[in-house]
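Below you'll find the structure, written out as structure tokens, and then a few comments.
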Amino acid sequence: MKISHTFFPLKTFLVGILLFQMQAVFSQEEKSSALYKTIMSKDSLLFDIGFNTCDIKQFENLYTEDFEFYHDKDSISDKARFLKTLKSGICSPTRKYNYRRQLIDGSTEIYPLSKNGILYGAIQMGTHRFYEYSEGKPEEAGSFAKFTHLWLLKNKDWKLARSLSYNHQMTSSTANASNLFDDEKETEKWLKQNNIPTLGIGIISDGKLKQVKVFGELKKGISAPYNTIWNVASLTKPVTAIVTLKLVSQGKWDLDEPLYKYWTDPDIAKDPYLKLLTTRFVLSHQTGLPNWRYLNESKKLDFKFKPGTQYQYSGEGFEYLRRALEKKFHKTLDQLAFQLIIEPLKMNDSQLIWNDKIDLSRYAINYDNQGNAYEPSKNKTANAADDLLTTIEDYGNFLCSVMKSDGLSRKVFSEMISHQTATKKDKYFGLGFEIYDLGNQNYALSHGGADKGVQTIVFILPKTKQGLIIFTNVDDGYKVYEKTVQHYLGETGNRIIDIETK
């Protein structure tokens, strides 16, 4: 079919959308607005009732007569061609598969269009996933895609005038992918194939921990409970960071005050870089200190570079900060954490030291990749960088609190999510968290933990109020990260994986 020259040029339309986005950053509709609800109801009619059930009449009624469809893997279609393709393709009576479209939760953005104060249209942008299934076979996710819709108000009714579908990406084609994590037997089988003794998953949506899933065994024949206690290694650092940032928000601590005023390590007492060491550089890993001093041949602490000039991950930096905080406030870190985080959030299964309060019947023993158990770290003194004991539920509630900036001033939260230093392309360290730049002004905060028999990682997306927690208790537990992130974070997860594998 020859496309008429009367079609609105795609390049012009895309340029217009880009310019619109640049100008409309602050006019995005809230979910509670009447316009947002109206457009979302039209979206539901279009897909939930129309596309998903092949109700062609529903499609015909929702499009303008001059409707145009742009697809990055296909040619341009007008209304007649679009409906014809639909009828002869995915909605054909002889089709092999059925199809279902699902809007990715939290991905929708809606912007009003008005002239002289009169509303005439709206831009809808989002990400959706398409599933395919046939009789007697389970539903499988086929692909993700981004879309942009131009809705126009015609004679007091909303009609879709332009539709762009782009950035299509295939979902991982692993066998039984749709059952993984939802089917316990299938998930347990997958874990055994990967030699993962125990896997814990926490799902955050709408800013709340909505689900906790724990798979595997604590030891032979004993299933891991939902409130399994884990050593989460470096996921201790975000807790230390938030303790510190709450003190900054209260005006009791300064991000840029030199730490030597409260603590000086004898190993670097005579080093001129000592006076440059600040909390900001600790929380963003720009101290110049090694990860751990025992990795040095001398076993002593030293500076590898001038503080504030580059990135180098450092547990020693966090321990230095701990000692400074304890000197200033005359309290141990575990006392400060209890006061500012653990008690307010009722994190009753979380602690920074090993003591008799730990319910060993729920503790996830740590293993190497040959199935040999490690002796647990039994800290009698809190470590600011390592060995927090916690549950999925406790840590999930902590992350939800961070997303809501509980106890943090607006200025401090802004500092926390700002790019303090780059670690790789589209990835940065803020204060206490790594930051993934996901594009379209969206971002994810993340941190991981790795130690003997520990592989853990978390993600939170403050703008969409989503999050994901993954805990494992084996040296190579990271093997399950990719599929878990893809399954629960969809397109966002794929973007995170792209950044990590660049």
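Going through the structure tokens in order, the chains are called A, B, and so on, while each chain numbers its residues from 1 and the ligands are numbered from 1 in the order shown.
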Proximity check stretch 147-204 of chain A to stretch 213-227 of chain A, 9 Å, nearest pairs one decimal Å, only C-alpha atoms, as a tab-separated table:
residue	atom	partner	partner_atom	distance
A:Phe181	CA	A:Lys213	CA	8.3
A:Glu184	CA	A:Phe215	CA	7.5
A:Thr187	CA	A:Phe215	CA	7.5
A:Glu188	CA	A:Gly216	CA	6.2
A:Leu191	CA	A:Gly216	CA	7.4
A:Lys192	CA	A:Gly216	CA	8.5
A:Ile196	CA	A:Gly216	CA	7.8
A:Pro197	CA	A:Gly216	CA	5.6
A:Thr198	CA	A:Gly216	CA	4.5
A:Leu199	CA	A:Phe215	CA	5.2
A:Gly200	CA	A:Val214	CA	4.3
A:Ile201	CA	A:Lys213	CA	5.0
A:Gly202	CA	A:Lys213	CA	6.4
A:Ile203	CA	A:Lys213	CA	8.5
Restrict the selected residues to C-alpha atoms and save them as a CSV table (one decimal), in the first residue's frame.
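Result file is out-v2.csv:
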chain,number,residue,atom,x,y,z
A,181,PHE,CA,9.1,-16.9,40.7
A,184,GLU,CA,7.3,-22.4,43.6
A,187,THR,CA,11.6,-21.7,41.0
A,188,GLU,CA,13.0,-24.3,43.4
A,191,LEU,CA,17.6,-22.6,42.1
A,192,LYS,CA,18.9,-26.2,42.3
A,196,ILE,CA,21.5,-21.4,45.1
A,197,PRO,CA,20.5,-22.7,48.6
A,198,THR,CA,18.2,-19.8,49.5
A,199,LEU,CA,16.7,-16.9,47.6
A,200,GLY,CA,14.8,-14.0,49.1
A,201,ILE,CA,12.8,-11.5,47.0
A,202,GLY,CA,11.0,-8.3,48.1
A,203,ILE,CA,8.7,-6.5,45.8
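Taking the backbone of this structure through DSSP, the residues of stretch 297-400 of chain A that come out as strand (DSSP E or B) are Gln351, Tyr363, Tyr367, Ala373, Leu389 and Thr390 of chain A.
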Problem - Pairwise distance for atom CA of A:Ile469 and atom CA of A:Leu438, rounded to one decimal in Å - result: 18.5 Å
Handout entry: Counting only C-alpha atoms, the option among A:Ile229, A:Met403, A:Val480, A:Leu62 closest to A:Ile365
Key =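 Smallest separation from A:Ile365 among the options: A:Ile229.
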Handout entry: Near-A:Leu119 list (12 Å; only C-alpha atoms; drop same-chain fewer than 6 positions) as a ChimeraX atom specification
Key = /A:35,111-113,151-154,156,158
Handout entry: DSSP helix (DSSP H, G or I) selection over stretch 30-251 of chain A, as number ranges by chain
Key = A: 34-51, 56-62, 79-88, 184-193, 233-249
Exercise for the section: May I ask for the distance between atom CA of A:Thr332 and atom CA of A:Thr381, given in Å to one decimal place? Expected result: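 A separation of 8.5 Å between them.
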Exercise for the section: Tell me which of A:Lys210, A:Lys380, A:His149, A:Arg410 sits closest to A:Leu46, counting only C-alpha atoms. Expected result: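 Among the listed residues, the smallest separation from A:Leu46 belongs to A:His149.
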Problem - Pick from A:Val454, A:Ile435, A:Leu103, A:Ile90, whichever lies nearest to A:Glu491 using only C-alpha atoms - result: A:Leu103
Using only C-alpha atoms, I'd like a table of the residues in stretch 45-115 of chain A that come within 10 Å of stretch 126-132 of chain A; for each, show the closest atom pair and its distance in Å rounded to one decimal, ordered by chain and ascending number, as a tab-separated table.
residue	atom	partner	partner_atom	distance
A:Asn52	CA	A:Phe130	CA	9.9
A:Ile90	CA	A:Glu132	CA	10.0
A:Lys96	CA	A:Glu132	CA	9.7
A:Tyr97	CA	A:Glu132	CA	6.1
A:Asn98	CA	A:Glu132	CA	5.5
A:Tyr99	CA	A:Glu132	CA	4.5
A:Arg100	CA	A:Tyr131	CA	5.0
A:Arg101	CA	A:Phe130	CA	4.5
A:Gln102	CA	A:Arg129	CA	5.2
A:Leu103	CA	A:His128	CA	4.4
A:Ile104	CA	A:His128	CA	5.2
A:Asp105	CA	A:Thr127	CA	8.6
A:Gly106	CA	A:Gly126	CA	8.5
A:Ser107	CA	A:Gly126	CA	4.9
A:Thr108	CA	A:Gly126	CA	4.3
A:Glu109	CA	A:Gly126	CA	6.3
A:Ile110	CA	A:Gly126	CA	8.8
Practice task
List the neighbours of A:Asn383 out to 12 Å using only C-alpha atoms; skip same-chain residues closer than 3 positions along the sequence, and give me the result as JSON, numbers by chain.
Solution key: {"A": [233, 234, 235, 236, 237, 239, 240, 315, 316, 317, 318, 319, 320, 321, 322, 323, 326, 332, 333, 334, 337, 351, 352, 353, 354, 377, 378, 379, 380, 386, 387, 388, 389]}
Store the residues picked out above, limited to N, CA, C and O atoms, as a short mmCIF file (atom, residue, chain, number, x, y, z; two decimals), in the first residue's frame.
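Generated output (again_12.cif):
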data_model
loop_
_atom_site.label_atom_id
_atom_site.label_comp_id
_atom_site.auth_asym_id
_atom_site.auth_seq_id
_atom_site.Cartn_x
_atom_site.Cartn_y
_atom_site.Cartn_z
N ALA A 233 25.88 -8.16 54.11
CA ALA A 233 27.18 -7.59 53.75
C ALA A 233 27.10 -6.06 53.57
O ALA A 233 26.68 -5.36 54.48
N SER A 234 27.45 -5.57 52.39
CA SER A 234 27.57 -4.12 52.19
C SER A 234 26.25 -3.38 52.11
O SER A 234 26.24 -2.15 52.01
N LEU A 235 25.13 -4.09 52.18
CA LEU A 235 23.86 -3.37 52.31
C LEU A 235 23.76 -2.72 53.68
O LEU A 235 22.80 -1.99 53.97
N THR A 236 24.78 -2.91 54.50
CA THR A 236 24.93 -2.17 55.74
C THR A 236 25.21 -0.70 55.45
O THR A 236 24.75 0.20 56.19
N LYS A 237 25.95 -0.43 54.39
CA LYS A 237 26.39 0.95 54.09
C LYS A 237 25.22 1.93 53.91
O LYS A 237 25.28 3.05 54.43
N VAL A 239 22.39 1.87 55.36
CA VAL A 239 21.85 2.14 56.70
C VAL A 239 22.73 3.16 57.41
O VAL A 239 22.24 4.15 57.98
N THR A 240 24.05 2.97 57.36
CA THR A 240 24.98 3.94 57.94
C THR A 240 24.81 5.31 57.28
O THR A 240 24.82 6.35 57.96
N GLY A 315 35.32 0.44 52.10
CA GLY A 315 34.72 0.12 53.39
C GLY A 315 35.42 0.86 54.50
O GLY A 315 34.79 1.25 55.50
N GLU A 316 36.73 1.07 54.35
CA GLU A 316 37.49 1.80 55.37
C GLU A 316 36.94 3.21 55.56
O GLU A 316 36.92 3.73 56.68
N GLY A 317 36.47 3.81 54.47
CA GLY A 317 35.90 5.15 54.59
C GLY A 317 34.70 5.17 55.52
O GLY A 317 34.55 6.06 56.36
N PHE A 318 33.84 4.17 55.38
CA PHE A 318 32.65 4.09 56.24
C PHE A 318 33.03 3.81 57.69
O PHE A 318 32.42 4.35 58.62
N GLU A 319 34.04 3.00 57.91
CA GLU A 319 34.50 2.74 59.26
C GLU A 319 35.12 4.00 59.88
O GLU A 319 34.98 4.25 61.08
N TYR A 320 35.78 4.79 59.05
CA TYR A 320 36.34 6.06 59.53
C TYR A 320 35.20 6.98 59.98
O TYR A 320 35.26 7.62 61.04
N LEU A 321 34.15 7.02 59.18
CA LEU A 321 32.99 7.85 59.51
C LEU A 321 32.34 7.35 60.80
O LEU A 321 31.92 8.16 61.65
N ARG A 322 32.24 6.04 60.96
CA ARG A 322 31.65 5.49 62.19
C ARG A 322 32.38 6.00 63.43
O ARG A 322 31.75 6.45 64.41
N ARG A 323 33.70 5.94 63.39
CA ARG A 323 34.46 6.36 64.56
C ARG A 323 34.27 7.85 64.85
O ARG A 323 34.20 8.28 66.01
N GLU A 326 30.77 8.27 66.41
CA GLU A 326 30.74 7.78 67.79
C GLU A 326 31.46 8.72 68.75
O GLU A 326 31.03 8.90 69.89
N THR A 332 27.44 4.37 70.29
CA THR A 332 27.93 3.46 69.26
C THR A 332 27.04 3.54 68.03
O THR A 332 25.89 4.00 68.11
N LEU A 333 27.56 3.09 66.89
CA LEU A 333 26.76 3.13 65.66
C LEU A 333 25.48 2.33 65.80
O LEU A 333 24.42 2.77 65.32
N ASP A 334 25.55 1.17 66.46
CA ASP A 334 24.32 0.38 66.60
C ASP A 334 23.30 1.11 67.46
O ASP A 334 22.08 0.98 67.24
N ALA A 337 21.86 3.79 65.10
CA ALA A 337 20.97 3.15 64.11
C ALA A 337 19.67 2.72 64.75
O ALA A 337 18.59 2.86 64.15
N GLN A 351 19.90 -6.08 63.21
CA GLN A 351 20.91 -5.61 64.16
C GLN A 351 22.29 -5.64 63.53
O GLN A 351 22.55 -6.37 62.58
N LEU A 352 23.18 -4.82 64.08
CA LEU A 352 24.52 -4.66 63.55
C LEU A 352 25.56 -5.48 64.29
O LEU A 352 26.72 -5.53 63.88
N ILE A 353 25.15 -6.11 65.38
CA ILE A 353 26.08 -6.95 66.15
C ILE A 353 25.47 -8.33 66.35
O ILE A 353 24.26 -8.51 66.28
N TRP A 354 26.34 -9.30 66.60
CA TRP A 354 25.90 -10.68 66.81
C TRP A 354 25.72 -10.91 68.30
O TRP A 354 26.64 -10.71 69.09
N SER A 377 30.05 -14.44 60.53
CA SER A 377 30.77 -13.34 61.17
C SER A 377 30.01 -12.95 62.43
O SER A 377 28.84 -12.55 62.35
N LYS A 378 30.67 -13.03 63.56
CA LYS A 378 30.00 -12.75 64.83
C LYS A 378 30.54 -11.47 65.44
O LYS A 378 31.29 -11.48 66.42
N ASN A 379 30.15 -10.35 64.80
CA ASN A 379 30.63 -9.05 65.23
C ASN A 379 30.13 -8.70 66.63
O ASN A 379 28.94 -8.78 66.90
N LYS A 380 31.05 -8.28 67.46
CA LYS A 380 30.68 -7.76 68.78
C LYS A 380 30.66 -6.24 68.77
O LYS A 380 30.14 -5.60 69.69
N ASP A 386 29.57 -3.35 56.85
CA ASP A 386 29.41 -4.77 56.60
C ASP A 386 28.63 -5.47 57.72
O ASP A 386 28.56 -4.97 58.84
N ASP A 387 28.05 -6.62 57.37
CA ASP A 387 27.52 -7.60 58.32
C ASP A 387 26.22 -7.23 59.03
O ASP A 387 25.92 -7.79 60.09
N LEU A 388 25.42 -6.35 58.45
CA LEU A 388 24.08 -6.14 58.99
C LEU A 388 23.29 -7.44 58.88
O LEU A 388 23.32 -8.13 57.86
N LEU A 389 22.58 -7.79 59.95
CA LEU A 389 21.66 -8.92 59.94
C LEU A 389 20.24 -8.36 59.83
O LEU A 389 19.85 -7.48 60.59
#
Compile the contact shell of A:Ile268 as an mmCIF file with all heavy atoms, in the first residue's frame: residues with an atom at most 12 Å away, counting only C-alpha atoms, same-chain residues fewer than 4 positions apart removed.
data_model
loop_
_atom_site.group_PDB
_atom_site.id
_atom_site.type_symbol
_atom_site.label_atom_id
_atom_site.label_comp_id
_atom_site.auth_asym_id
_atom_site.auth_seq_id
_atom_site.Cartn_x
_atom_site.Cartn_y
_atom_site.Cartn_z
ATOM 1 N N TYR A 260 38.668 14.825 60.695
ATOM 2 C CA TYR A 260 39.766 14.774 61.660
ATOM 3 C C TYR A 260 39.423 15.523 62.941
ATOM 4 O O TYR A 260 40.031 15.297 63.997
ATOM 5 C CB TYR A 260 41.057 15.329 61.053
ATOM 6 C CG TYR A 260 41.151 16.844 61.043
ATOM 7 C CD1 TYR A 260 41.714 17.534 62.115
ATOM 8 C CD2 TYR A 260 40.655 17.589 59.971
ATOM 9 C CE1 TYR A 260 41.799 18.924 62.115
ATOM 10 C CE2 TYR A 260 40.724 18.961 59.959
ATOM 11 C CZ TYR A 260 41.299 19.632 61.034
ATOM 12 O OH TYR A 260 41.365 21.007 61.029
ATOM 13 N N TRP A 263 37.916 12.429 64.704
ATOM 14 C CA TRP A 263 38.674 11.175 64.740
ATOM 15 C C TRP A 263 39.855 11.251 63.776
ATOM 16 O O TRP A 263 39.734 11.750 62.659
ATOM 17 C CB TRP A 263 37.786 9.992 64.344
ATOM 18 C CG TRP A 263 38.552 8.738 64.002
ATOM 19 C CD1 TRP A 263 38.760 8.229 62.751
ATOM 20 C CD2 TRP A 263 39.221 7.859 64.914
ATOM 21 N NE1 TRP A 263 39.506 7.087 62.822
ATOM 22 C CE2 TRP A 263 39.806 6.828 64.143
ATOM 23 C CE3 TRP A 263 39.384 7.829 66.298
ATOM 24 C CZ2 TRP A 263 40.535 5.789 64.705
ATOM 25 C CZ3 TRP A 263 40.109 6.801 66.871
ATOM 26 C CH2 TRP A 263 40.669 5.801 66.088
ATOM 27 N N THR A 264 40.993 10.768 64.223
ATOM 28 C CA THR A 264 42.177 10.659 63.374
ATOM 29 C C THR A 264 42.760 9.263 63.543
ATOM 30 O O THR A 264 43.122 8.861 64.654
ATOM 31 C CB THR A 264 43.255 11.701 63.743
ATOM 32 O OG1 THR A 264 42.734 13.013 63.522
ATOM 33 C CG2 THR A 264 44.501 11.509 62.884
ATOM 34 N N PRO A 272 49.099 14.786 54.702
ATOM 35 C CA PRO A 272 48.447 16.081 54.424
ATOM 36 C C PRO A 272 47.029 15.947 53.876
ATOM 37 O O PRO A 272 46.246 16.891 53.956
ATOM 38 C CB PRO A 272 49.379 16.728 53.387
ATOM 39 C CG PRO A 272 50.171 15.600 52.805
ATOM 40 C CD PRO A 272 50.329 14.604 53.909
ATOM 41 N N TYR A 273 46.685 14.779 53.323
ATOM 42 C CA TYR A 273 45.326 14.577 52.801
ATOM 43 C C TYR A 273 44.299 14.390 53.914
ATOM 44 O O TYR A 273 43.091 14.436 53.667
ATOM 45 C CB TYR A 273 45.285 13.358 51.886
ATOM 46 C CG TYR A 273 45.923 13.550 50.531
ATOM 47 C CD1 TYR A 273 46.281 12.456 49.752
ATOM 48 C CD2 TYR A 273 46.169 14.833 50.022
ATOM 49 C CE1 TYR A 273 46.863 12.620 48.499
ATOM 50 C CE2 TYR A 273 46.755 15.002 48.767
ATOM 51 C CZ TYR A 273 47.096 13.893 48.017
ATOM 52 O OH TYR A 273 47.663 14.050 46.788
ATOM 53 N N LEU A 274 44.776 14.153 55.147
ATOM 54 C CA LEU A 274 43.885 13.879 56.270
ATOM 55 C C LEU A 274 42.797 14.932 56.414
ATOM 56 O O LEU A 274 41.616 14.611 56.613
ATOM 57 C CB LEU A 274 44.702 13.793 57.565
ATOM 58 C CG LEU A 274 43.902 13.754 58.873
ATOM 59 C CD1 LEU A 274 43.129 12.445 58.973
ATOM 60 C CD2 LEU A 274 44.814 13.939 60.078
ATOM 61 N N LYS A 275 43.186 16.209 56.290
ATOM 62 C CA LYS A 275 42.246 17.295 56.545
ATOM 63 C C LYS A 275 41.237 17.496 55.414
ATOM 64 O O LYS A 275 40.329 18.326 55.522
ATOM 65 C CB LYS A 275 43.004 18.589 56.827
ATOM 66 C CG LYS A 275 43.802 18.533 58.127
ATOM 67 C CD LYS A 275 44.449 19.857 58.477
ATOM 68 C CE LYS A 275 45.179 19.766 59.812
ATOM 69 N NZ LYS A 275 45.792 21.070 60.199
ATOM 70 N N LEU A 276 41.399 16.746 54.330
ATOM 71 C CA LEU A 276 40.451 16.837 53.205
ATOM 72 C C LEU A 276 39.327 15.806 53.311
ATOM 73 O O LEU A 276 38.365 15.839 52.543
ATOM 74 C CB LEU A 276 41.186 16.633 51.877
ATOM 75 C CG LEU A 276 42.307 17.626 51.558
ATOM 76 C CD1 LEU A 276 42.960 17.265 50.226
ATOM 77 C CD2 LEU A 276 41.777 19.056 51.516
ATOM 78 N N LEU A 277 39.454 14.889 54.256
ATOM 79 C CA LEU A 277 38.509 13.783 54.380
ATOM 80 C C LEU A 277 37.202 14.264 55.015
ATOM 81 O O LEU A 277 37.183 14.762 56.137
ATOM 82 C CB LEU A 277 39.132 12.687 55.238
ATOM 83 C CG LEU A 277 38.547 11.273 55.171
ATOM 84 C CD1 LEU A 277 38.530 10.756 53.750
ATOM 85 C CD2 LEU A 277 39.343 10.355 56.079
ATOM 86 N N GLY A 288 39.752 8.212 48.749
ATOM 87 C CA GLY A 288 41.130 7.874 48.420
ATOM 88 C C GLY A 288 41.655 6.728 49.257
ATOM 89 O O GLY A 288 42.780 6.261 49.047
ATOM 90 N N LEU A 289 40.860 6.238 50.200
ATOM 91 C CA LEU A 289 41.268 5.123 51.051
ATOM 92 C C LEU A 289 41.008 3.794 50.341
ATOM 93 O O LEU A 289 40.109 3.696 49.506
ATOM 94 C CB LEU A 289 40.493 5.157 52.373
ATOM 95 C CG LEU A 289 40.677 6.423 53.233
ATOM 96 C CD1 LEU A 289 39.741 6.375 54.444
ATOM 97 C CD2 LEU A 289 42.122 6.581 53.678
ATOM 98 N N ARG A 293 42.207 -1.982 54.685
ATOM 99 C CA ARG A 293 43.647 -1.806 54.889
ATOM 100 C C ARG A 293 44.401 -3.135 54.852
ATOM 101 O O ARG A 293 45.582 -3.159 54.476
ATOM 102 C CB ARG A 293 43.920 -1.056 56.191
ATOM 103 C CG ARG A 293 43.623 -1.817 57.461
ATOM 104 C CD ARG A 293 43.858 -0.950 58.692
ATOM 105 N NE ARG A 293 42.772 0.010 58.877
ATOM 106 C CZ ARG A 293 42.864 1.092 59.655
ATOM 107 N NH1 ARG A 293 43.978 1.354 60.313
ATOM 108 N NH2 ARG A 293 41.828 1.908 59.783
ATOM 109 N N LYS A 300 48.421 -1.395 56.725
ATOM 110 C CA LYS A 300 48.105 -0.105 57.325
ATOM 111 C C LYS A 300 47.250 0.736 56.380
ATOM 112 O O LYS A 300 47.279 0.558 55.161
ATOM 113 C CB LYS A 300 49.391 0.649 57.681
ATOM 114 C CG LYS A 300 50.167 0.017 58.828
ATOM 115 C CD LYS A 300 51.350 0.888 59.224
ATOM 116 C CE LYS A 300 52.066 0.312 60.439
ATOM 117 N NZ LYS A 300 53.197 1.167 60.865
ATOM 118 N N LEU A 301 46.511 1.674 56.959
ATOM 119 C CA LEU A 301 45.663 2.571 56.175
ATOM 120 C C LEU A 301 46.512 3.619 55.471
ATOM 121 O O LEU A 301 47.476 4.141 56.055
ATOM 122 C CB LEU A 301 44.650 3.239 57.103
ATOM 123 C CG LEU A 301 43.508 4.009 56.434
ATOM 124 C CD1 LEU A 301 42.620 3.069 55.644
ATOM 125 C CD2 LEU A 301 42.682 4.753 57.492
ATOM 126 N N ASP A 302 46.152 3.932 54.238
ATOM 127 C CA ASP A 302 46.846 5.006 53.507
ATOM 128 C C ASP A 302 45.914 5.596 52.463
ATOM 129 O O ASP A 302 44.826 5.071 52.201
ATOM 130 C CB ASP A 302 48.117 4.475 52.846
ATOM 131 C CG ASP A 302 47.837 3.408 51.785
ATOM 132 O OD1 ASP A 302 46.673 2.967 51.675
ATOM 133 O OD2 ASP A 302 48.774 2.996 51.076
ATOM 134 N N PHE A 303 46.303 6.709 51.882
ATOM 135 C CA PHE A 303 45.552 7.340 50.796
ATOM 136 C C PHE A 303 46.137 6.890 49.462
ATOM 137 O O PHE A 303 47.360 6.919 49.269
ATOM 138 C CB PHE A 303 45.638 8.865 50.896
ATOM 139 C CG PHE A 303 44.805 9.453 52.001
ATOM 140 C CD1 PHE A 303 45.401 9.810 53.207
ATOM 141 C CD2 PHE A 303 43.449 9.650 51.840
ATOM 142 C CE1 PHE A 303 44.650 10.363 54.233
ATOM 143 C CE2 PHE A 303 42.684 10.201 52.862
ATOM 144 C CZ PHE A 303 43.283 10.557 54.069
ATOM 145 N N LYS A 304 45.257 6.504 48.553
ATOM 146 C CA LYS A 304 45.674 6.115 47.211
ATOM 147 C C LYS A 304 45.648 7.302 46.250
ATOM 148 O O LYS A 304 46.276 7.268 45.199
ATOM 149 C CB LYS A 304 44.765 4.999 46.670
ATOM 150 C CG LYS A 304 44.697 3.756 47.561
ATOM 151 C CD LYS A 304 46.059 3.122 47.751
ATOM 152 C CE LYS A 304 45.965 1.856 48.580
ATOM 153 N NZ LYS A 304 47.302 1.267 48.849
ATOM 154 N N TYR A 320 35.777 4.786 59.048
ATOM 155 C CA TYR A 320 36.340 6.056 59.527
ATOM 156 C C TYR A 320 35.200 6.979 59.979
ATOM 157 O O TYR A 320 35.259 7.617 61.035
ATOM 158 C CB TYR A 320 37.148 6.717 58.414
ATOM 159 C CG TYR A 320 38.228 7.643 58.913
ATOM 160 C CD1 TYR A 320 39.567 7.264 58.871
ATOM 161 C CD2 TYR A 320 37.927 8.897 59.424
ATOM 162 C CE1 TYR A 320 40.577 8.105 59.326
ATOM 163 C CE2 TYR A 320 38.917 9.747 59.890
ATOM 164 C CZ TYR A 320 40.242 9.341 59.838
ATOM 165 O OH TYR A 320 41.227 10.181 60.301
#
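What separates atom CA of A:Pro258 from atom CA of A:Gln420 is a distance of 17.4 Å.
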Problem - Who sits within 12 Å of A:Gly432, only C-alpha atoms, same chain under 2 positions skipped, as a ChimeraX atom specification - result: /A:234-245,279-286,313-315,317-318,384-385,402,412-413,415-421,428-430,434-435,445-448
Exercise for the section: Please provide as an MDAnalysis selection string all residues within 9 Å of A:Leu340, with the sequence filter that same-chain residues fewer than 2 positions apart are discarded (counting only C-alpha atoms). Expected result: chainID A and resid 242:243 246:247 335:338 342:345 407
Practice task
Return the single residue from A:Ile497, A:Ala382, A:Gly371, A:Thr391 that is closest to A:Asn194, with distances computed using only C-alpha atoms.
Solution key: A:Gly371
